[in-house]
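With mmCIF, C-alpha atoms inside, this is data17.cif:
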```cif
data_input
loop_
_atom_site.label_atom_id
_atom_site.label_comp_id
_atom_site.auth_asym_id
_atom_site.auth_seq_id
_atom_site.Cartn_x
_atom_site.Cartn_y
_atom_site.Cartn_z
CA MET X 26 10.13 10.26 27.95
CA ASN X 27 10.81 9.09 31.47
CA PRO X 28 10.16 5.36 31.52
CA THR X 29 9.92 5.01 35.30
CA GLN X 30 6.25 5.76 35.94
CA GLY X 31 3.97 4.26 33.31
CA GLY X 32 6.06 5.23 30.31
CA TRP X 33 5.32 1.77 28.98
CA LEU X 34 1.64 2.70 28.72
CA ILE X 35 2.49 5.58 26.39
CA LEU X 36 4.59 3.25 24.25
CA VAL X 37 1.93 0.53 24.21
CA THR X 38 -0.84 2.94 23.20
CA LEU X 39 1.38 4.37 20.45
CA ALA X 40 2.19 0.89 19.13
CA PHE X 41 -1.50 -0.03 19.24
CA ALA X 42 -2.38 3.15 17.35
CA MET X 43 0.16 2.21 14.66
CA VAL X 44 -1.40 -1.23 14.30
CA LEU X 45 -4.86 0.33 13.98
CA ALA X 46 -3.52 2.82 11.45
CA ILE X 47 -2.51 0.10 8.97
CA VAL X 48 -4.83 -2.73 10.01
CA HIS X 49 -5.99 -4.88 7.09
CA LEU X 50 -9.71 -5.62 7.41
CA PRO X 51 -11.14 -9.08 6.63
CA GLU X 52 -12.14 -9.67 3.02
CA THR X 53 -15.82 -10.01 3.82
CA TRP X 54 -16.08 -6.51 5.28
CA PRO X 55 -17.12 -3.68 2.97
CA GLN X 56 -14.19 -1.96 1.35
CA TRP X 57 -15.22 1.62 2.12
CA LEU X 58 -14.74 0.84 5.80
CA GLY X 59 -11.00 0.86 5.11
CA TRP X 60 -11.22 4.45 3.88
CA LEU X 61 -12.81 5.74 7.07
CA ARG X 62 -9.54 5.51 8.91
CA PRO X 63 -8.94 8.01 11.71
CA GLU X 64 -5.42 9.34 12.19
CA TRP X 65 -4.91 7.12 15.23
CA VAL X 66 -1.28 8.00 15.86
CA SER X 67 -1.93 11.74 15.72
CA LEU X 68 -4.85 11.38 18.14
CA VAL X 69 -2.83 9.38 20.66
CA VAL X 70 0.13 11.76 20.48
CA PHE X 71 -2.23 14.72 20.86
CA PHE X 72 -3.81 13.14 23.94
CA TRP X 73 -0.54 12.39 25.72
CA VAL X 74 0.98 15.80 25.06
CA MET X 75 -2.17 17.56 26.20
CA GLU X 76 -2.42 15.54 29.41
CA LEU X 77 1.28 15.12 30.19
CA PRO X 78 3.20 17.85 28.35
CA HIS X 79 6.40 17.02 30.26
CA ARG X 80 6.47 13.37 29.20
CA LEU X 81 6.28 13.45 25.41
CA GLY X 82 8.54 15.98 23.74
CA LEU X 83 9.10 17.26 20.23
CA ILE X 84 12.00 14.95 19.53
CA SER X 85 10.17 11.80 20.60
CA ALA X 86 7.11 12.80 18.55
CA TRP X 87 9.40 13.30 15.56
CA VAL X 88 10.95 9.87 16.01
CA VAL X 89 7.48 8.29 16.23
CA GLY X 90 6.80 10.08 12.94
CA LEU X 91 9.77 8.37 11.27
CA VAL X 92 8.21 5.00 12.05
CA VAL X 93 4.84 6.16 10.73
CA ASP X 94 6.57 7.30 7.51
CA VAL X 95 7.73 3.77 6.84
CA LEU X 96 4.33 2.26 7.68
CA TYR X 97 2.49 4.74 5.41
CA ALA X 98 5.18 4.64 2.69
CA ASP X 99 5.51 8.43 2.92
CA PRO X 100 8.80 10.27 2.34
CA LEU X 101 10.91 10.08 5.52
CA GLY X 102 10.49 13.11 7.77
CA LEU X 103 6.98 14.03 6.65
CA ASN X 104 5.02 12.50 9.52
CA GLY X 105 7.80 13.52 11.90
CA ALA X 106 7.22 17.17 11.04
CA LEU X 107 3.43 16.77 11.25
CA LEU X 108 3.49 15.04 14.64
CA ALA X 109 6.02 17.54 15.95
CA ALA X 110 3.71 20.36 14.85
CA ILE X 111 0.75 18.75 16.61
CA THR X 112 2.90 18.25 19.69
CA PHE X 113 3.99 21.88 19.60
CA ILE X 114 0.43 23.18 19.37
CA ALA X 115 -0.83 20.82 22.09
CA TRP X 116 2.12 21.74 24.32
CA ARG X 117 1.67 25.47 23.77
CA PHE X 118 -2.07 25.43 24.58
CA TYR X 119 -2.44 22.43 26.88
CA GLU X 120 -3.89 24.43 29.77
CA ARG X 121 -6.57 25.91 27.56
CA LEU X 122 -7.26 22.61 25.78
CA ARG X 123 -7.84 20.79 29.05
CA MET X 124 -10.49 23.34 30.04
CA TYR X 125 -12.37 22.81 26.79
CA SER X 126 -15.39 20.53 26.67
CA VAL X 127 -14.85 17.37 24.69
CA PHE X 128 -16.84 18.80 21.78
CA GLN X 129 -14.64 21.87 21.58
CA GLN X 130 -11.68 19.51 21.59
CA CYS X 131 -13.29 17.73 18.64
CA GLY X 132 -13.17 20.99 16.73
CA VAL X 133 -9.49 21.42 17.52
CA VAL X 134 -8.80 17.85 16.44
CA PHE X 135 -10.63 18.47 13.15
CA ALA X 136 -8.54 21.56 12.45
CA LEU X 137 -5.26 19.86 13.38
CA ILE X 138 -5.89 16.74 11.30
CA LEU X 139 -7.19 18.73 8.33
CA GLY X 140 -4.07 20.88 8.44
CA SER X 141 -1.73 17.93 8.63
CA GLU X 142 -3.63 16.12 5.87
CA ALA X 143 -3.26 19.18 3.67
CA VAL X 144 0.51 19.21 4.20
CA ARG X 145 0.64 15.44 3.66
CA MET X 146 -1.27 15.69 0.40
CA PHE X 147 0.92 18.58 -0.77
CA VAL X 148 4.07 16.53 -0.20
CA ARG X 149 2.55 13.40 -1.77
CA ASP X 150 1.60 15.55 -4.73
CA LEU X 151 5.25 16.58 -5.08
CA ALA X 152 6.37 12.98 -4.78
CA SER X 153 3.88 11.34 -7.09
CA ASP X 154 1.10 11.69 -9.60
CA ARG X 155 -1.81 11.19 -7.24
CA GLY X 156 -2.84 14.77 -6.73
CA TRP X 157 -5.51 16.42 -4.61
CA SER X 158 -8.93 15.01 -3.91
CA TRP X 159 -11.85 15.34 -1.54
CA ALA X 160 -10.45 12.34 0.33
CA ILE X 161 -8.56 14.95 2.34
CA LEU X 162 -11.68 15.62 4.41
CA LEU X 163 -12.33 12.00 5.41
CA PRO X 164 -9.53 11.46 7.97
CA ALA X 165 -10.27 14.82 9.59
CA LEU X 166 -14.00 14.11 9.94
CA VAL X 167 -13.55 10.54 11.15
CA SER X 168 -10.82 11.52 13.61
CA MET X 169 -13.09 14.22 14.99
CA LEU X 170 -15.89 11.70 15.48
CA VAL X 171 -13.77 9.11 17.29
CA TRP X 172 -11.94 11.64 19.45
CA PRO X 173 -14.42 11.50 22.41
CA PHE X 174 -13.98 7.72 22.61
CA VAL X 175 -10.20 7.88 22.28
CA TYR X 176 -10.14 10.54 24.99
CA MET X 177 -12.37 8.50 27.32
CA VAL X 178 -10.43 5.27 26.92
CA LEU X 179 -6.97 6.82 27.21
CA GLN X 180 -8.03 8.95 30.18
CA ARG X 181 -9.30 5.84 31.96
CA PHE X 182 -6.02 4.01 31.32
CA ARG X 183 -4.04 7.04 32.45
CA VAL X 184 -5.89 7.24 35.75
CA GLN X 185 -5.88 3.50 36.32
CA PHE X 186 -2.13 3.12 35.84
CA ARG X 187 -1.34 6.47 37.50
CA VAL X 188 0.72 7.81 34.63
CA GLU X 189 1.70 11.28 35.75
CA MET Z 28 10.56 23.14 16.48
CA THR Z 29 12.05 25.12 13.58
CA GLY Z 30 15.07 22.84 13.68
CA LEU Z 31 12.96 19.73 13.46
CA VAL Z 32 10.91 21.12 10.58
CA LEU Z 33 14.14 22.05 8.79
CA VAL Z 34 15.54 18.54 9.26
CA SER Z 35 12.25 17.13 7.98
CA VAL Z 36 12.29 19.34 4.91
CA ILE Z 37 15.85 18.27 4.15
CA LEU Z 38 14.94 14.59 4.61
CA ILE Z 39 11.84 14.91 2.43
CA SER Z 40 13.73 16.60 -0.38
CA LEU Z 41 16.43 13.93 -0.17
CA GLU Z 42 13.74 11.27 -0.38
CA LEU Z 43 12.00 12.89 -3.34
CA THR Z 44 15.15 13.29 -5.40
CA THR Z 45 17.52 10.48 -4.43
CA ARG Z 46 17.62 6.96 -3.08
CA LEU Z 47 20.20 7.83 -0.40
CA LEU Z 48 17.88 7.10 2.51
CA GLY Z 49 16.93 3.62 1.31
CA PRO Z 50 19.04 1.84 3.96
CA VAL Z 51 17.50 3.98 6.74
CA ARG Z 52 14.00 3.11 5.56
CA SER Z 53 14.90 -0.56 5.39
CA ALA Z 54 16.30 -0.49 8.93
CA ILE Z 55 13.16 1.14 10.35
CA GLY Z 56 10.98 -1.16 8.27
CA THR Z 57 12.74 -4.19 9.71
CA VAL Z 58 12.22 -2.95 13.25
CA VAL Z 59 8.49 -2.31 12.76
CA SER Z 60 7.67 -5.42 10.73
CA PRO Z 61 5.98 -6.95 13.83
CA VAL Z 62 3.47 -4.08 13.69
CA GLN Z 63 2.71 -5.05 10.11
CA TYR Z 64 2.22 -8.70 11.02
CA VAL Z 65 -0.11 -7.82 13.91
CA ALA Z 66 -2.08 -5.43 11.69
CA GLU Z 67 -2.63 -8.26 9.22
CA THR Z 68 -4.18 -10.71 11.70
CA PRO Z 69 -7.83 -9.55 11.32
CA TYR Z 70 -7.60 -10.17 7.58
CA LEU Z 71 -5.99 -13.59 8.03
CA LEU Z 72 -8.44 -14.54 10.79
CA GLY Z 73 -11.30 -13.50 8.51
CA GLY Z 74 -9.98 -15.92 5.91
CA GLU Z 75 -9.61 -18.72 8.48
CA VAL Z 76 -13.12 -18.22 9.83
CA GLY Z 77 -14.44 -18.27 6.28
CA GLU Z 78 -12.72 -21.60 5.68
CA VAL Z 79 -13.97 -23.14 8.91
CA VAL Z 80 -17.61 -22.19 8.42
CA ALA Z 81 -17.73 -22.88 4.67
CA THR Z 82 -20.85 -24.86 3.84
CA ARG Z 83 -20.81 -28.23 2.13
CA SER Z 84 -22.38 -26.95 -1.08
CA LEU Z 85 -19.85 -24.13 -1.26
CA LEU Z 86 -16.98 -26.60 -0.93
CA LEU Z 87 -18.53 -28.86 -3.56
CA ASP Z 88 -18.83 -25.91 -5.93
CA GLN Z 89 -15.24 -24.95 -5.29
CA ASN Z 90 -14.16 -28.52 -5.86
CA LYS Z 91 -15.98 -28.71 -9.17
CA GLU Z 92 -14.47 -25.41 -10.28
CA LEU Z 93 -10.96 -26.61 -9.37
CA GLU Z 94 -11.42 -29.91 -11.19
CA ARG Z 95 -12.52 -28.05 -14.29
CA LYS Z 96 -9.47 -25.83 -14.05
CA VAL Z 97 -7.11 -28.80 -13.62
CA LEU Z 98 -8.52 -30.42 -16.75
CA GLU Z 99 -8.15 -27.21 -18.70
CA LEU Z 100 -4.60 -26.64 -17.50
CA SER Z 101 -3.47 -30.21 -18.08
CA LYS Z 102 -4.69 -29.96 -21.65
CA ILE Z 103 -2.62 -26.81 -22.11
CA SER Z 104 0.42 -28.28 -20.39
CA MET Z 105 0.35 -31.34 -22.66
CA GLN Z 106 0.76 -29.07 -25.63
CA TYR Z 107 3.26 -26.92 -23.77
CA LEU Z 108 6.19 -29.37 -23.83
CA ASN Z 109 5.70 -29.91 -27.51
CA LEU Z 110 5.53 -26.18 -28.22
CA LEU Z 111 8.55 -25.51 -26.00
CA LYS Z 112 10.65 -27.95 -27.99
CA GLU Z 113 9.45 -26.53 -31.26
CA ASN Z 114 10.14 -23.00 -30.08
CA GLU Z 115 13.68 -23.96 -29.05
CA ASN Z 116 14.34 -25.50 -32.42
CA LEU Z 117 13.03 -22.46 -34.26
CA ARG Z 118 15.13 -20.19 -32.08
CA GLU Z 119 18.18 -22.27 -32.81
CA LEU Z 120 17.43 -21.96 -36.49
CA LEU Z 121 17.20 -18.21 -36.10
CA GLY Z 122 20.48 -18.20 -34.16
CA SER Z 123 19.06 -16.25 -31.26
CA GLN Z 124 19.72 -16.90 -27.61
CA ALA Z 125 17.61 -19.58 -25.98
CA ARG Z 126 15.18 -18.11 -23.50
CA LEU Z 127 15.30 -19.69 -20.06
CA PRO Z 128 12.21 -20.03 -17.92
CA ASP Z 129 12.02 -17.51 -15.10
CA GLU Z 130 12.43 -18.59 -11.52
CA VAL Z 131 9.79 -17.46 -9.09
CA LEU Z 132 9.45 -17.10 -5.35
CA ILE Z 133 6.06 -17.43 -3.70
CA ALA Z 134 5.21 -14.60 -1.32
CA GLU Z 135 2.20 -13.85 0.80
CA LEU Z 136 0.51 -10.48 1.18
CA ILE Z 137 0.85 -9.21 4.73
CA GLY Z 138 -0.48 -5.69 4.43
CA VAL Z 139 -1.77 -2.83 2.37
CA VAL Z 140 -0.60 0.77 2.36
CA PRO Z 141 -3.56 2.59 3.93
CA ALA Z 142 -3.83 5.69 1.72
CA VAL Z 143 -7.09 5.96 -0.21
CA ASN Z 144 -5.60 6.28 -3.68
CA ALA Z 145 -2.32 4.42 -3.21
CA HIS Z 146 -2.29 0.94 -4.72
CA GLN Z 147 0.55 -0.67 -2.82
CA VAL Z 148 0.85 -3.82 -0.76
CA VAL Z 149 3.42 -5.36 1.58
CA ILE Z 150 4.65 -8.93 1.05
CA ASP Z 151 6.36 -11.26 3.52
CA LYS Z 152 9.65 -11.75 1.63
CA GLY Z 153 12.52 -9.30 1.78
CA ALA Z 154 16.24 -8.91 1.28
CA ASP Z 155 16.77 -12.12 3.28
CA SER Z 156 15.03 -14.07 0.52
CA GLY Z 157 17.10 -12.38 -2.17
CA ILE Z 158 14.55 -9.84 -3.35
CA VAL Z 159 15.95 -6.73 -4.98
CA LEU Z 160 14.41 -3.41 -5.99
CA GLY Z 161 12.45 -3.40 -9.24
CA GLN Z 162 11.61 -7.09 -9.53
CA ALA Z 163 8.38 -7.95 -11.30
CA VAL Z 164 5.56 -9.48 -9.26
CA ILE Z 165 2.85 -11.65 -10.81
CA ASP Z 166 -0.14 -13.55 -9.49
CA SER Z 167 -1.91 -16.56 -10.92
CA GLU Z 168 -3.67 -14.51 -13.59
CA GLY Z 169 -1.20 -11.90 -14.75
CA LEU Z 170 1.18 -9.08 -13.99
CA PHE Z 171 0.66 -7.73 -10.47
CA GLY Z 172 3.24 -5.01 -9.91
CA GLN Z 173 6.86 -4.39 -9.06
CA VAL Z 174 8.96 -4.25 -5.92
CA ALA Z 175 9.29 -0.62 -4.79
CA GLU Z 176 11.03 -0.98 -1.43
CA VAL Z 177 12.97 -3.84 0.14
CA ASP Z 178 13.32 -4.32 3.90
CA ARG Z 179 15.00 -7.24 5.56
CA PHE Z 180 11.93 -9.47 6.00
CA THR Z 181 9.28 -7.62 4.00
CA SER Z 182 8.98 -5.59 0.83
CA ARG Z 183 6.55 -3.09 -0.62
CA VAL Z 184 4.99 -3.75 -4.02
CA LEU Z 185 3.62 -1.04 -6.30
CA LEU Z 186 0.57 -2.38 -8.17
CA ILE Z 187 0.23 -1.82 -11.91
CA THR Z 188 -2.89 0.27 -11.33
CA ASP Z 189 -1.15 2.83 -9.08
CA LYS Z 190 -1.07 6.24 -10.70
CA ASP Z 191 2.72 6.26 -10.44
CA HIS Z 192 3.14 2.99 -12.29
CA ALA Z 193 3.70 2.32 -15.98
CA VAL Z 194 4.74 -0.82 -17.81
CA PRO Z 195 5.95 -1.33 -21.40
CA VAL Z 196 3.50 -3.63 -23.20
CA GLN Z 197 2.66 -5.06 -26.58
CA ILE Z 198 -0.54 -6.34 -28.14
CA ASN Z 199 -0.36 -10.12 -28.24
CA ARG Z 200 -2.15 -10.32 -31.62
CA ASN Z 201 0.10 -8.10 -33.69
CA GLY Z 202 2.95 -6.83 -31.53
CA VAL Z 203 1.91 -3.17 -31.44
CA ARG Z 204 3.98 -1.63 -28.67
CA SER Z 205 2.78 0.85 -26.07
CA ILE Z 206 2.96 1.78 -22.42
CA ALA Z 207 0.24 0.84 -19.93
CA GLY Z 208 -0.10 3.41 -17.17
CA GLY Z 209 -2.02 3.03 -13.93
CA THR Z 210 -5.09 5.18 -13.39
CA GLY Z 211 -5.56 4.94 -9.63
CA ARG Z 212 -8.59 2.69 -10.20
CA ILE Z 213 -8.19 -0.97 -9.36
CA ASP Z 214 -9.99 -2.22 -12.49
CA ARG Z 215 -8.49 0.00 -15.16
CA LEU Z 216 -5.21 0.71 -16.95
CA GLU Z 217 -4.69 3.06 -19.85
CA LEU Z 218 -2.47 2.79 -22.89
CA GLU Z 219 -0.52 5.99 -23.28
CA TYR Z 220 0.29 7.80 -26.52
CA VAL Z 221 -1.51 5.41 -28.88
CA PRO Z 222 -1.75 6.87 -32.41
CA ILE Z 223 -5.36 6.94 -33.62
CA THR Z 224 -4.39 4.70 -36.53
CA ALA Z 225 -3.01 1.90 -34.32
CA ASP Z 226 -4.55 -1.51 -34.84
CA ILE Z 227 -5.99 -2.15 -31.39
CA VAL Z 228 -9.51 -3.50 -30.92
CA LYS Z 229 -11.65 -4.47 -27.98
CA GLY Z 230 -10.71 -7.87 -26.54
CA ASP Z 231 -7.02 -7.80 -27.53
CA LEU Z 232 -4.69 -9.39 -24.99
CA VAL Z 233 -2.04 -6.97 -23.73
CA GLU Z 234 1.20 -8.53 -22.46
CA THR Z 235 4.53 -7.25 -21.18
CA SER Z 236 6.94 -6.50 -24.00
CA GLY Z 237 10.13 -6.89 -22.00
CA LEU Z 238 11.43 -3.59 -23.36
CA GLY Z 239 13.15 -1.48 -20.76
CA GLY Z 240 14.48 -4.61 -19.11
CA ARG Z 241 12.50 -4.32 -15.89
CA PHE Z 242 9.66 -6.73 -16.64
CA PRO Z 243 10.24 -10.11 -18.27
CA GLN Z 244 8.54 -10.60 -21.61
CA GLY Z 245 5.23 -12.28 -22.21
CA TYR Z 246 3.23 -12.02 -19.00
CA PRO Z 247 -0.42 -11.03 -19.53
CA VAL Z 248 -1.33 -7.56 -18.29
CA GLY Z 249 -4.97 -7.28 -19.31
CA TYR Z 250 -7.60 -7.23 -22.02
CA VAL Z 251 -8.51 -4.15 -24.01
CA ASP Z 252 -11.83 -2.93 -22.69
CA THR Z 253 -12.71 0.13 -24.72
CA VAL Z 254 -11.08 1.98 -27.59
CA VAL Z 255 -12.21 5.56 -28.15
CA VAL Z 256 -10.94 7.11 -31.35
CA ASP Z 257 -11.68 10.79 -31.68
CA PRO Z 258 -10.46 11.97 -35.13
CA THR Z 259 -9.69 15.42 -33.75
CA ALA Z 260 -7.51 14.17 -30.89
CA SER Z 261 -3.85 13.25 -31.27
CA PHE Z 262 -4.10 9.96 -29.41
CA ALA Z 263 -6.64 7.19 -29.04
CA GLU Z 264 -7.98 6.44 -25.57
CA VAL Z 265 -7.49 2.76 -24.86
CA SER Z 266 -8.48 1.35 -21.50
CA ILE Z 267 -7.48 -2.08 -20.27
CA ARG Z 268 -9.01 -4.37 -17.66
CA PRO Z 269 -6.13 -6.03 -15.75
CA THR Z 270 -6.18 -9.83 -15.62
CA ALA Z 271 -4.40 -10.06 -12.26
CA LEU Z 272 -6.72 -10.22 -9.24
CA LEU Z 273 -5.26 -7.03 -7.84
CA ASP Z 274 -7.63 -6.64 -4.90
CA ARG Z 275 -8.12 -10.34 -4.15
CA SER Z 276 -4.87 -12.29 -4.57
CA ARG Z 277 -3.30 -13.32 -1.30
CA HIS Z 278 -0.37 -15.18 -2.82
CA VAL Z 279 1.87 -13.63 -5.42
CA LEU Z 280 5.03 -14.70 -7.27
CA VAL Z 281 8.18 -12.61 -7.38
CA VAL Z 282 9.95 -13.21 -10.67
CA PHE Z 283 13.72 -13.72 -10.80
CA ALA Z 284 14.62 -13.19 -14.45
CA ARG Z 285 17.59 -15.36 -15.31
CA ALA Z 286 20.80 -13.79 -16.48
CA GLY Z 287 21.23 -14.15 -20.22
CA GLU Z 288 17.63 -13.44 -20.99
CA GLU Z 289 17.20 -10.91 -23.72
CA SER Z 290 15.51 -7.79 -22.59
#
```
Could you rewrite the structure in this file as structure tokens?
Amino acid sequence: MNPTQGGWLILVTLAFAMVLAIVHLPETWPQWLGWLRPEWVSLVVFFWVMELPHRLGLISAWVVGLVVDVLYADPLGLNGALLAAITFIAWRFYERLRMYSVFQQCGVVFALILGSEAVRMFVRDLASDRGWSWAILLPALVSMLVWPFVYMVLQRFRVQFRVE
Amino acid sequence: MTGLVLVSVILISLELTTRLLGPVRSAIGTVVSPVQYVAETPYLLGGEVGEVVATRSLLLDQNKELERKVLELSKISMQYLNLLKENENLRELLGSQARLPDEVLIAELIGVVPAVNAHQVVIDKGADSGIVLGQAVIDSEGLFGQVAEVDRFTSRVLLITDKDHAVPVQINRNGVRSIAGGTGRIDRLELEYVPITADIVKGDLVETSGLGGRFPQGYPVGYVDTVVVDPTASFAEVSIRPTALLDRSRHVLVVFARAGEES
């Protein structure tokens, strides 16, 4: 990451995504709302790599993943590998992805998040007794639904602060 | 890419099998604790707003409830001193070691681990306050969980209802010993490997037995909810409703068992 031109924006959006990822909702709100949690960090990383493939590399994505591991209480290295994989795919196909309509991108997001959730659940299953469940579909579906908004907001910020 | 995945796989297998990476986790956890504090603000603000806009009748109700509780508790505490003395004397007669009261540290919840079926929370006291791995955590009503990870300023607590958690218990009425395992549901624990002839009935109080040395003895865990005895099965199915307010408590107590306590 080159911090000279708007690198701070990338860092700020990543930090904000982490806060959203573990935010604790007020007691009076319904509890199921907490389950419909998009994979904010993955979405933000995906966006930045797709738009600026030269700014966010595999190593930095992996390091971001280490932090996410601690926040999610996952085994260290798990989210690093997942984010690096997302980065790799976004970096490999960024020209094609940018030409897609936002709805096609939603499909890609669904596939990516579902894949990473499957790996996450597999590793959690190794680590603990919790096992597989249909909950695996929730993050993928919700992430897909919020993607257009995430894309719009981040794109606006990117243009406004001229992050190239 | 392959290199990174390899490093990850090595790290994950280290994490699954050993505790070698504990210090690394703690270091990262210390660095990102601001994120955890920020993520907690909506919840705290929600509480504040609730307090500010509480209606008069609600406050009166609360007040009445608290007064009733104070009366009840003061009645119990009057008897307590007497019983304590008597207990000490009896223990002296038996020649066993005197049991010292446990010291506690009040901690506040500052976050939850956001996986759907993980029952874990983050509290605002860490290694700086003297917390160590494996300490028991209680709330005002009963056993809450145990410390599963210690960072500098925060620690992670595994609740007793998490599927990975189990605690050695006994029935308060007759001392039948068992193990209460979490089920992944916030309102249910299960006694494991209970013989179908065991004397356990609905309504029995289940408390920690202190065996295993991790949890201090005598804290309430829950009440027996249902007992299903199927003569053809090897074990009875006993489910327990935890007494601790696992999804509501905001303040918890971390127990420092004194040295010299029997375990």
Nearby residues (all atoms listed in the file) at most 9 Å from Arg277 (chain Z), same-chain spacing under 2 positions excluded, as a tab-separated table (two decimals) with C-alpha atoms, in the frame of the given file:
```tsv
chain	number	residue	atom	x	y	z
Z	134	ALA	CA	5.21	-14.60	-1.32
Z	135	GLU	CA	2.20	-13.85	0.80
Z	136	LEU	CA	0.51	-10.48	1.18
Z	137	ILE	CA	0.85	-9.21	4.73
Z	166	ASP	CA	-0.14	-13.55	-9.49
Z	274	ASP	CA	-7.63	-6.64	-4.90
Z	275	ARG	CA	-8.12	-10.34	-4.15
Z	279	VAL	CA	1.87	-13.63	-5.42
```
With the file shown as input, list the residues that the PyMOL selection byres ((chain X and resi 152-166) around 7) selects, as a VMD selection string.
(chain X and resid 61 to 64 135 138 to 139 142 to 143 146 148 to 151 167 to 170) or (chain Z and resid 43 190 to 191)
Take the residues just selected and output them with C-alpha atoms as a tab-separated table (two decimals), in the frame of the given file.
```tsv
chain	number	residue	atom	x	y	z
X	61	LEU	CA	-12.81	5.74	7.07
X	62	ARG	CA	-9.54	5.51	8.91
X	63	PRO	CA	-8.94	8.01	11.71
X	64	GLU	CA	-5.42	9.34	12.19
X	135	PHE	CA	-10.63	18.47	13.15
X	138	ILE	CA	-5.89	16.74	11.30
X	139	LEU	CA	-7.19	18.73	8.33
X	142	GLU	CA	-3.63	16.12	5.87
X	143	ALA	CA	-3.26	19.18	3.67
X	146	MET	CA	-1.27	15.69	0.40
X	148	VAL	CA	4.07	16.53	-0.20
X	149	ARG	CA	2.55	13.40	-1.77
X	150	ASP	CA	1.60	15.55	-4.73
X	151	LEU	CA	5.25	16.58	-5.08
X	167	VAL	CA	-13.55	10.54	11.15
X	168	SER	CA	-10.82	11.52	13.61
X	169	MET	CA	-13.09	14.22	14.99
X	170	LEU	CA	-15.89	11.70	15.48
Z	43	LEU	CA	12.00	12.89	-3.34
Z	190	LYS	CA	-1.07	6.24	-10.70
Z	191	ASP	CA	2.72	6.26	-10.44
```
For chain X, which residues have at least one atom within 8 Å of chain Z, if we go by all atoms listed in the file? Write them as a PyMOL selection string, please.
chain X and resi 40+43-53+59-60+83-84+87+92+95-98+100-103+105-106+109-110+113+151-155+160
Taking the file as shown, find all residues satisfying the PyMOL selection byres ((chain Z and resi 243) around 10) and write them as a PyMOL selection string.
chain Z and resi 129+162-163+235-242+244-246+282-285+288-290
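With only C-alpha atoms as the atoms that count, the residue of X:Leu68, X:Val127, X:Leu122, X:Leu39 with the shortest distance to Ser85 (chain X) is X:Leu39.
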For this structure, which residues satisfy the selection - the PyMOL selection byres ((chain X and resi 111) around 9) - when it is evaluated on the file as given? I want them as a PyMOL selection string.
chain X and resi 67+70-71+74+86+106-110+112-116+137-138+141
Between CA of Pro269 (chain Z) and CA of Asp214 (chain Z), what distance in Å does the model show, to one decimal?
6.3 Å
